[in-house]
Amino acid sequence: MTNMIQSAKDQVAALTEAAYERAAAAGSLPAGAEVRATIEIPKDTSHGDYASSFAMAGAKALRMAPRAIAQTIVDNLELEGSYFSRVEIAGPGFLNFTLGPKWYGDVLGAVEQEGATYGSGSGGAGKKVMVEFVSANPTGPMHMGNARGGVLGDTLANVLARDGWNVWKEFYVNDAGNQINKFARSIYARCMQLALGEDNYPFPEDGYHGEDVKELAQMFYVKHAYDFPGETSEEDWFAEMARFGLERNIPKMKADLNKYGIQYDQWFLESSLHDSGFVADTVRLLTEKGWTYEKDGALWLNTTELLKKKYMAEGKSQEQVDKLDLKDDVLRRANGFYTYFAADIAYHRNKFEERKFDLVINIWGADHHGHVARLQAALDGLGLDGSHRLVIVLMQLVNLLQDGKPVRMSKRTGKAIALHDLLDEISVDAARYYFNNRAATSPLDFDLDLAVRQDSENPVYYVQYAHARICSLIARLAEEDGAAVPAAGSVDAGVLTAPEELALMKSLAQYPEELHLAARDYDPSRVNRYLTALAGDFHRFYNACRLKGEESAVLSARLKLADTVRSVLANGLNLLGVTAPEKM
RNA sequence: GCGGGUGUAGCUCAGUUGGAUAGAGUGACUGGCUACGAACCAGUAGGUCGGGGGUUCGAAUCCCUUCACCCGUACCA
């Protein structure tokens, strides 16, 4: 749980504060002032490693010029035994601290000691979080958007677990409702076409046009060649066909995701909520609380009021709220069936109330964003505080490009590029890295022609190459020079003085901070950027500093440094579900 | 209309609680292996951070306003 960046920042704050107290006691600065200084890492290393804004931030309270305050602080600083070797005043009054060997040595020691768990944090404090992702309709193969969502959810789950959350991964199977009905009707229509000839039976306009449905129908038709359609009613065929299709599609989805490196803790069936009466019970509960009304034979949720309440609680003014174009939602249709929305409310009630999750994170396509606030508000109405405990990560859609032109994706027209087709073209490593390479809020262009190329275009190779290079380097030094990677305690970090070496060690120290931010912001793409930067720092070090033939203290320290980088690269790639090859 | 997302180098994107001269990859151009893996590195060029106003010591970042593109606004899921 060591975070050397935080340790250094804390120490800057403590040293500065102590210097101020000393100066105040000596009468060189007014006593009793509360100065809220920020401590940051300057972009330009000539400004030191950490900069405190104490002098500028305290100018008003201390009634002195920032530079004069800075000078007094410096005069009273005691760096002996600290992580820092030097402090300078610069610009408008920044206090620039420069790190010394003690800190660098501790970085190498921390990675050695924590190994595969290096970077762990306590942001989650052991609380239960569910990440629900992909949850694609089981009516057909998964497409590129699901591929992105899968990587995002799985990687986020890994990152959260590393930051101290107790993580549960779930796939919500929409095996009930209208889409399934459409699905069954589509299979039925294809079967009828097989029986009567394609032109003699109409295919429903809003049906699933894909080849996979034709294949299912073919299989079903062969199996029932002697009794289809027979005397059995359409409705009964629908039920049987839906079951037939789902029994084949769901295992296929599991297999595809498995190939992709994704395993869930649970596949939760929407139908179970209907069968157990939990949907009906949830709607009854909302009615009891006075949030529903009947109109045109349907039962409606007063979403308008719930949303207004939610927005006012979030600080919007009455005027702003009145301007919004809010609408109510149907929970139970006039035909007696519950809507998807009703089931979704019940499902989330189940997550919080039955299964006691502290936090629920759903990965949704951005086209569902209109649903976010209403679901949260409905949960608020049940007293479950959905506004704070349900987090929806909206993922912008994947634009599929071919020859630089967009390809329209739609499951109904059957033109989607399926996940399993994608994995026939590119490696799991490349796919997982590619889809996690951008924040969820950014649209992602997926160029088929580019992705298929297995050359260094893909940044995953840059990172993997660094790892392979280090493995090879260590093996070679062991074989030819009998040099083994030393323990951190026996390394003199003071001999590592090249800018490339210092930059590399600082990057290593940055890892726990990056993981924490990735977890805090639900943005696992940070890990990609970090690893790319770390690999770059290593490649620069490798070009600037030799190991072979150097005197033993230097060789030993550099070998340890390289091995430490190897460890962190493997650690990060593992979080991404990407392999860390020793050779490539 | 209303709501959400996005506007930063030719292209794809970073930019942390507001900090010092706005970064990286890629493309273009120029260099670097008889030395530990050249799937690598170094250098050059490329910017009114969509526009305008405001807040302050200081704004790509916060507030207001405006423009452009994408998405949503179902008794679909």
# chains A, B, ... in the order shown; residues from 1 in each chain; ligands from 1

$ closest_atom_pairs --of "chain B" --to "chain A" --cutoff "6 Å" --atoms "only C-alpha atoms (C1' of nucleotides)" --output "CSV"
residue,atom,partner,partner_atom,distance
B:C2,C1',A:Asp325,CA,5.1
B:C36,C1',A:Lys548,CA,5.8
B:G37,C1',A:Arg469,CA,5.9
B:A39,C1',A:Ser456,CA,5.4
B:C71,C1',A:Asp367,CA,5.8
B:G72,C1',A:Gly370,CA,5.8
B:C75,C1',A:Arg333,CA,4.9

$ residues_around --residues "stretch 51-59 of chain B" --least-positions-apart "3" --cutoff "12 Å" --atoms "only C-alpha atoms (C1' of nucleotides)" --output "list in words"
Ser53, Ala55, Met56, Ala57, Gly58, Ala59, Lys60, Ala65, Pro66, Gly91, Pro92 and Gly93 of chain A; G7, G18, G19, A20, A22, U48, C62, C63, C64, U65, U66, C67 and A68 of chain B

$ residues_around --residues "stretch 115-117 of chain A" --least-positions-apart "3" --cutoff "12 Å" --atoms "only C-alpha atoms (C1' of nucleotides)" --output "ChimeraX atom specification"
/A:1-2,107-112,120-121,158-159,161-164,511-512,515,563-575

$ residues_around --residues "stretch 233-244 of chain A" --least-positions-apart "2" --cutoff "8 Å" --atoms "only C-alpha atoms (C1' of nucleotides)" --output "PyMOL selection string"
chain A and resi 180-181+183-185+187-188+220+231+246-248

$ closest_residue --among "A:Leu77, A:Asn258, A:Glu288, A:Cys471" --to "A:Glu582" --atoms "only C-alpha atoms"
A:Cys471

$ select_by_dssp --residues "stretch 102-206 of chain A" --states "strand (DSSP E or B)" --output "list of chain:residue names"
A:Lys128, A:Val129, A:Met130, A:Val131, A:Glu132, A:Asn166, A:Val167, A:Trp168, A:Lys169, A:Glu170, A:Phe171, A:Tyr172, A:Val173

$ select_by_dssp --residues "stretch 320-566 of chain A" --states "alpha helix (DSSP H)" --output "JSON, numbers by chain"
{"A": [320, 321, 322, 323, 340, 341, 342, 343, 344, 345, 346, 347, 348, 349, 372, 373, 374, 375, 376, 377, 378, 379, 380, 381, 386, 387, 388, 389, 419, 420, 421, 422, 423, 424, 425, 428, 429, 430, 431, 432, 433, 434, 435, 448, 449, 450, 451, 452, 459, 460, 461, 462, 463, 464, 465, 466, 467, 468, 469, 470, 471, 472, 473, 474, 475, 476, 477, 478, 479, 480, 481, 499, 500, 501, 502, 503, 504, 505, 506, 507, 508, 509, 510, 511, 512, 513, 514, 515, 516, 517, 518, 519, 520, 525, 526, 527, 528, 529, 530, 531, 532, 533, 534, 535, 536, 537, 538, 539, 540, 541, 542, 543, 544, 552, 553, 554, 555, 556, 557, 558, 559, 560, 561, 562, 563, 564, 565, 566]}

$ residues_around --residues "stretch 125-135 of chain A" --least-positions-apart "2" --cutoff "6 Å" --atoms "only C-alpha atoms (C1' of nucleotides)" --output "PyMOL selection string"
chain A and resi 122-123+146+149-150+153+164-173+357-363

$ atom_distance --atom1 "atom C1' of B:A24" --atom2 "atom CA of A:Leu508"
18.3 Å

$ residues_around --residues "B:G10" --least-positions-apart "4" --cutoff "10 Å" --atoms "only C-alpha atoms (C1' of nucleotides)" --output "VMD selection string"
chain B and resid 27 to 28 46

$ write_last_selection --atoms "C-alpha atoms (C1' of nucleotides)" --output "mmCIF file, in the first residue's frame"
data_model
loop_
_atom_site.group_PDB
_atom_site.id
_atom_site.type_symbol
_atom_site.label_atom_id
_atom_site.label_comp_id
_atom_site.auth_asym_id
_atom_site.auth_seq_id
_atom_site.Cartn_x
_atom_site.Cartn_y
_atom_site.Cartn_z
ATOM 1 C "C1'" G B 27 1.979 11.265 -40.566
ATOM 2 C "C1'" A B 28 6.128 14.560 -43.004
ATOM 3 C "C1'" G B 46 3.492 21.761 -36.959
#

$ residues_around --residues "B:U30" --least-positions-apart "6" --cutoff "12 Å" --atoms "only C-alpha atoms (C1' of nucleotides)" --output "ChimeraX atom specification"
/B:42-45

$ write_last_selection --atoms "N, CA, C and O atoms (P, O5', C5', C4', C3', O3' and C1' of nucleotides)" --output "compact mmCIF listing (two decimals), in the first residue's frame"
# COMPACT_ATOMS: atom_id res chain seq x y z
P A B 42 13.71 9.69 -27.50
O5' A B 42 14.82 10.52 -28.29
C5' A B 42 16.07 10.81 -27.68
C4' A B 42 16.95 11.52 -28.66
C3' A B 42 16.35 12.76 -29.31
O3' A B 42 16.45 13.90 -28.47
C1' A B 42 17.35 11.42 -30.97
P G B 43 15.31 15.03 -28.51
O5' G B 43 15.53 15.68 -29.95
C5' G B 43 16.68 16.50 -30.19
C4' G B 43 16.79 16.82 -31.66
C3' G B 43 15.69 17.67 -32.26
O3' G B 43 15.83 19.04 -31.94
C1' G B 43 16.22 15.91 -33.73
P U B 44 14.55 19.99 -31.86
O5' U B 44 14.16 20.18 -33.40
C5' U B 44 15.04 20.85 -34.29
C4' U B 44 14.46 20.88 -35.67
C3' U B 44 13.05 21.44 -35.80
O3' U B 44 13.04 22.86 -35.83
C1' U B 44 13.20 19.44 -37.04
P A B 45 11.81 23.65 -35.20
O5' A B 45 10.65 23.35 -36.24
C5' A B 45 10.74 23.83 -37.59
C4' A B 45 9.63 23.25 -38.43
C3' A B 45 8.22 23.50 -37.89
O3' A B 45 7.74 24.77 -38.31
C1' A B 45 8.46 21.21 -38.42

$ atom_distance --atom1 "atom CA of A:Ala19" --atom2 "atom CA of A:Asn76"
4.8 Å

$ closest_residue --among "B:G1, B:G32, B:U61, B:A38" --to "B:U16" --atoms "only C-alpha atoms (C1' of nucleotides)"
B:U61
